[in-house]
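For reference, my_file.cif is printed below; it contains mmCIF, C-alpha atoms and all ligand atoms.
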data_coords
loop_
_atom_site.label_atom_id
_atom_site.label_comp_id
_atom_site.auth_asym_id
_atom_site.auth_seq_id
_atom_site.Cartn_x
_atom_site.Cartn_y
_atom_site.Cartn_z
CA MET F 1 -19.99 91.71 135.73
CA LYS F 2 -21.41 94.36 133.39
CA LYS F 3 -22.02 93.47 129.75
CA ILE F 4 -21.33 96.32 127.31
CA LEU F 5 -22.37 96.12 123.66
CA ILE F 6 -20.31 98.34 121.37
CA ILE F 7 -21.86 99.02 117.97
CA GLY F 8 -19.36 100.32 115.41
CA SER F 9 -16.52 98.48 117.12
CA LYS F 10 -14.13 99.14 114.20
CA ALA F 11 -14.87 102.88 114.17
CA GLN F 12 -12.19 105.27 115.45
CA LEU F 13 -14.12 105.82 118.65
CA GLY F 14 -15.48 102.25 118.91
CA SER F 15 -12.08 100.60 118.51
CA ASP F 16 -10.51 102.88 121.12
CA LEU F 17 -13.36 102.13 123.51
CA SER F 18 -13.12 98.38 122.86
CA LYS F 19 -9.35 98.43 123.54
CA GLU F 20 -9.81 100.51 126.68
CA LEU F 21 -12.56 98.32 128.16
CA LYS F 22 -11.62 94.80 127.09
CA ASN F 23 -9.08 94.10 129.83
CA LYS F 24 -11.28 95.22 132.70
CA SER F 25 -12.21 92.18 134.75
CA SER F 26 -15.63 93.55 135.70
CA ILE F 27 -16.69 94.12 132.07
CA GLU F 28 -17.72 91.74 129.29
CA ILE F 29 -17.58 93.34 125.84
CA VAL F 30 -19.77 92.35 122.92
CA ALA F 31 -18.34 94.12 119.85
CA LEU F 32 -20.26 94.48 116.59
CA ASP F 33 -18.84 96.10 113.46
CA HIS F 34 -20.64 97.15 110.28
CA THR F 35 -20.36 93.62 108.81
CA GLN F 36 -22.35 92.33 111.80
CA ILE F 37 -24.98 95.03 112.24
CA GLU F 38 -26.70 97.39 109.80
CA LEU F 39 -28.25 100.26 111.72
CA ARG F 40 -30.90 100.89 109.03
CA ASP F 41 -32.41 97.40 109.53
CA LYS F 42 -34.81 97.59 112.47
CA SER F 43 -35.41 93.91 113.10
CA PRO F 44 -31.74 92.77 113.00
CA VAL F 45 -30.77 95.74 115.19
CA HIS F 46 -33.44 94.68 117.68
CA LYS F 47 -32.17 91.08 117.68
CA SER F 48 -28.51 92.14 118.01
CA ILE F 49 -29.36 94.06 121.17
CA THR F 50 -32.10 92.03 122.84
CA GLU F 51 -30.43 88.61 122.41
CA PRO F 52 -27.14 89.36 124.24
CA ARG F 53 -29.09 91.54 126.75
CA PRO F 54 -26.27 93.98 127.58
CA ASP F 55 -26.46 96.34 130.55
CA ILE F 56 -25.07 99.16 128.42
CA VAL F 57 -25.18 99.83 124.67
CA ILE F 58 -22.64 102.28 123.23
CA ASN F 59 -23.44 103.18 119.63
CA CYS F 60 -20.34 104.32 117.72
CA GLY F 61 -21.82 103.41 114.35
CA ALA F 62 -22.65 106.50 112.30
CA TYR F 63 -22.60 108.06 108.87
CA VAL F 64 -19.87 110.60 109.45
CA ARG F 65 -19.15 112.12 106.01
CA VAL F 66 -20.19 115.58 107.09
CA ASP F 67 -19.58 117.25 103.70
CA ASP F 68 -21.69 114.63 101.89
CA CYS F 69 -24.48 115.15 104.41
CA GLU F 70 -24.43 118.88 103.74
CA GLU F 71 -24.09 118.67 99.95
CA ASN F 72 -26.60 115.93 99.18
CA PRO F 73 -30.15 115.37 100.36
CA PRO F 74 -29.48 113.91 103.80
CA SER F 75 -31.64 110.81 103.45
CA HIS F 76 -28.79 108.37 104.15
CA ALA F 77 -27.65 110.36 107.17
CA ILE F 78 -31.21 110.44 108.48
CA GLU F 79 -31.64 106.67 107.96
CA VAL F 80 -28.43 105.84 109.86
CA ASN F 81 -28.00 108.65 112.37
CA ALA F 82 -31.64 109.36 113.24
CA LEU F 83 -33.83 106.34 112.42
CA GLY F 84 -31.06 103.79 113.12
CA ALA F 85 -30.20 105.54 116.36
CA GLY F 86 -33.89 105.32 117.24
CA PHE F 87 -33.91 101.54 116.63
CA VAL F 88 -30.94 101.21 118.99
CA ALA F 89 -32.64 103.36 121.62
CA GLN F 90 -35.94 101.43 121.38
CA ALA F 91 -34.29 98.00 121.72
CA SER F 92 -32.10 99.23 124.58
CA ALA F 93 -35.13 100.61 126.42
CA GLU F 94 -36.99 97.32 125.95
CA ILE F 95 -34.34 95.40 127.91
CA GLY F 96 -33.61 98.23 130.35
CA ALA F 97 -30.10 98.84 129.00
CA VAL F 98 -28.46 102.24 129.28
CA CYS F 99 -27.99 103.64 125.78
CA VAL F 100 -24.92 105.83 125.29
CA TYR F 101 -23.96 108.21 122.48
CA ILE F 102 -20.70 110.12 122.67
CA SER F 103 -21.05 113.61 121.30
CA THR F 104 -18.74 115.69 119.20
CA ASP F 105 -18.58 119.28 117.99
CA PHE F 106 -17.50 118.15 114.51
N1 LIG F 201 -13.64 110.04 116.44
C1 LIG F 201 -13.83 110.84 117.45
O1 LIG F 201 -12.89 111.46 117.98
C2 LIG F 201 -15.21 111.02 118.07
C3 LIG F 201 -15.35 111.79 119.24
C4 LIG F 201 -16.61 111.96 119.80
C5 LIG F 201 -17.72 111.36 119.21
N2 LIG F 201 -17.58 110.64 118.05
C6 LIG F 201 -18.80 110.05 117.46
O2 LIG F 201 -18.61 108.65 117.35
C7 LIG F 201 -19.31 108.17 116.22
C8 LIG F 201 -18.34 107.42 115.30
O3 LIG F 201 -17.36 108.35 114.83
P1 LIG F 201 -15.91 107.89 114.34
O4 LIG F 201 -15.08 109.11 114.25
O5 LIG F 201 -15.42 106.76 115.18
O6 LIG F 201 -16.26 107.46 112.85
P2 LIG F 201 -15.75 106.25 111.94
O7 LIG F 201 -14.39 105.80 112.34
O8 LIG F 201 -15.98 106.65 110.53
O9 LIG F 201 -16.75 105.10 112.32
C9 LIG F 201 -18.09 105.04 111.90
C10 LIG F 201 -18.43 103.56 111.93
O10 LIG F 201 -19.83 103.43 111.68
C11 LIG F 201 -19.98 102.38 110.75
N3 LIG F 201 -21.22 102.56 110.04
C12 LIG F 201 -21.50 103.47 109.07
N4 LIG F 201 -22.76 103.31 108.61
C13 LIG F 201 -23.28 102.26 109.32
C14 LIG F 201 -24.53 101.60 109.28
N5 LIG F 201 -25.49 101.98 108.42
N6 LIG F 201 -24.74 100.56 110.11
C15 LIG F 201 -23.76 100.16 110.96
N7 LIG F 201 -22.55 100.74 111.04
C16 LIG F 201 -22.31 101.78 110.21
C17 LIG F 201 -18.77 102.49 109.85
O11 LIG F 201 -18.55 101.29 109.15
P3 LIG F 201 -17.97 101.35 107.65
O12 LIG F 201 -16.64 102.00 107.73
O13 LIG F 201 -17.97 99.92 107.23
O14 LIG F 201 -18.97 102.17 106.87
C18 LIG F 201 -17.68 102.78 110.86
O15 LIG F 201 -17.15 101.61 111.44
C19 LIG F 201 -19.95 109.40 115.55
O16 LIG F 201 -21.28 109.52 116.02
C20 LIG F 201 -19.10 110.54 116.05
O17 LIG F 201 -19.83 111.75 116.07
C21 LIG F 201 -16.35 110.45 117.48
#

Would you write the structure of this file as C-alpha cells?
Amino acid sequence: MKKILIIGSKAQLGSDLSKELKNKSSIEIVALDHTQIELRDKSPVHKSITEPRPDIVINCGAYVRVDDCEENPPSHAIEVNALGAGFVAQASAEIGAVCVYISTDF
C-alpha cells in the first residue's frame, strides 16, 4: 500500500487527483487543503509531511494569480511557490518521499 499526500486537495488539479486516486485499493490518500496547511509556514509544513510519512507528496498548492504576480512585486508568489515549495521538498527528502510537481505552460 502506497501512501500519497496531496497538498492543495481542493485545488482544481488536487481535487481531480484526489478523486482519481481515492478508489484505488493499493493507495492510501492523505488530503490537505489550504485550511489544513499553509505553505509559507516551514515548521507546520514539515510536521504535516513527516508525521504521516507518505511515500509520495504531490503539491498542488500554489499562488496561481498570474496577472497579480506580474503586476505586483512578486513577494507573495515567491513565498508560496518558491520558498513554500522548498519546505515541501526538504521535508519530503528527509523521509525519503518522492516529491511531485505537475507542470503547466500557463
Ligand atoms: N489546473 C490545471 O489544469 C493544472 C495543470 C497542470 C499543473 N497545474 C499546477 O497545479 C497547481 C495548482 O493549480 P490549480 O489550477 O489547481 O489552482 P487552484 O485551483 O487555484 O488551486 C490552488 C490551491 O492552492 C491553495 N493555496 C494557495 N496559496 C496557498 C498557501 N499559501 N498554502 C497552502 N495552499 C495554498 C489554494 O487555496 P485557496 O483557494 O484557499 O487560496 C488552492 O486550493 C499549480 O502549480 C499549477 O501550475 C494545474

Show me which residues line ligand LIG 201 (chain F), defined as having an atom within 6 Å of a ligand atom where all atoms listed in the file count, and present them as a VMD selection string. chain F and resid 8 10 to 14 34 37 to 40 60 to 64 80 102 to 104

Based on the selection just made, write C-alpha atoms of those residues as a tab-separated table (two decimals), keeping the file's coordinate frame.
chain	number	residue	atom	x	y	z
F	8	GLY	CA	-19.36	100.32	115.41
F	10	LYS	CA	-14.13	99.14	114.20
F	11	ALA	CA	-14.87	102.88	114.17
F	12	GLN	CA	-12.19	105.27	115.45
F	13	LEU	CA	-14.12	105.82	118.65
F	14	GLY	CA	-15.48	102.25	118.91
F	34	HIS	CA	-20.64	97.15	110.28
F	37	ILE	CA	-24.98	95.03	112.24
F	38	GLU	CA	-26.70	97.39	109.80
F	39	LEU	CA	-28.25	100.26	111.72
F	40	ARG	CA	-30.90	100.89	109.03
F	60	CYS	CA	-20.34	104.32	117.72
F	61	GLY	CA	-21.82	103.41	114.35
F	62	ALA	CA	-22.65	106.50	112.30
F	63	TYR	CA	-22.60	108.06	108.87
F	64	VAL	CA	-19.87	110.60	109.45
F	80	VAL	CA	-28.43	105.84	109.86
F	102	ILE	CA	-20.70	110.12	122.67
F	103	SER	CA	-21.05	113.61	121.30
F	104	THR	CA	-18.74	115.69	119.20

I'd like to know which of F:Thr35, F:Thr50, F:Asn72, F:Ser43 is closest to Ala91 (chain F), using all atoms listed in the file.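 Of F:Thr35, F:Thr50, F:Asn72, F:Ser43, the one nearest Ala91 (chain F), counting all atoms listed in the file, is F:Thr50.
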
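If you measure from each of F:Gly96, F:Ala85, F:Ser26, F:Phe106 to Arg65 (chain F) using all atoms listed in the file, the closest one turns out to be F:Phe106.
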
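We find CA of Ala93 (chain F) and CA of Asp105 (chain F) to be spaced 26.3 Å apart.
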
Up to 6 Å from (-32.3, 100.1, 118.7) in the file's coordinates: name the residues, counting only C-alpha atoms, as a list in words. Val45, His46, Gly86, Phe87, Val88, Ala89, Gln90, Ala91 and Ser92 of chain F

So which one's closest to Ser18 (chain F), F:Asp68, F:Pro73, F:Ile58, F:Pro44? Using all atoms listed in the file, please.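 Smallest distance to Ser18 (chain F) is found for F:Ile58.
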
List as a ChimeraX atom specification the residues having at least one atom at most 6 Å from position (-25.3, 106.0, 121.2) as given in the file, counting only C-alpha atoms. /F:58-59,99-101

Considering only C-alpha atoms, can you say which of F:Ile4, F:Ile27, F:Ala82, F:Leu32 comes closest to Val98 (chain F)?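 Closest to Val98 (chain F), using only C-alpha atoms: F:Ile4.
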
Å distance separating CA of Lys19 (chain F) from CA of Arg53 (chain F), one decimal place: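 According to the coordinates, CA of Lys19 (chain F) and CA of Arg53 (chain F) are separated by 21.2 Å.
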
One number please: CA of Lys24 (chain F) to CA of Leu5 (chain F), in Å, one decimal. 14.3 Å

F:Glu94, F:Glu79, F:Asp41, F:Asp55: which is nearest Ile29 (chain F), counting all atoms listed in the file? F:Asp55

Which residue of F:Ser75, F:Asn81, F:Ser25, F:Ser15 approaches Met1 (chain F) most closely, using all atoms listed in the file: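 Closest residue, counting all atoms listed in the file: F:Ser25.
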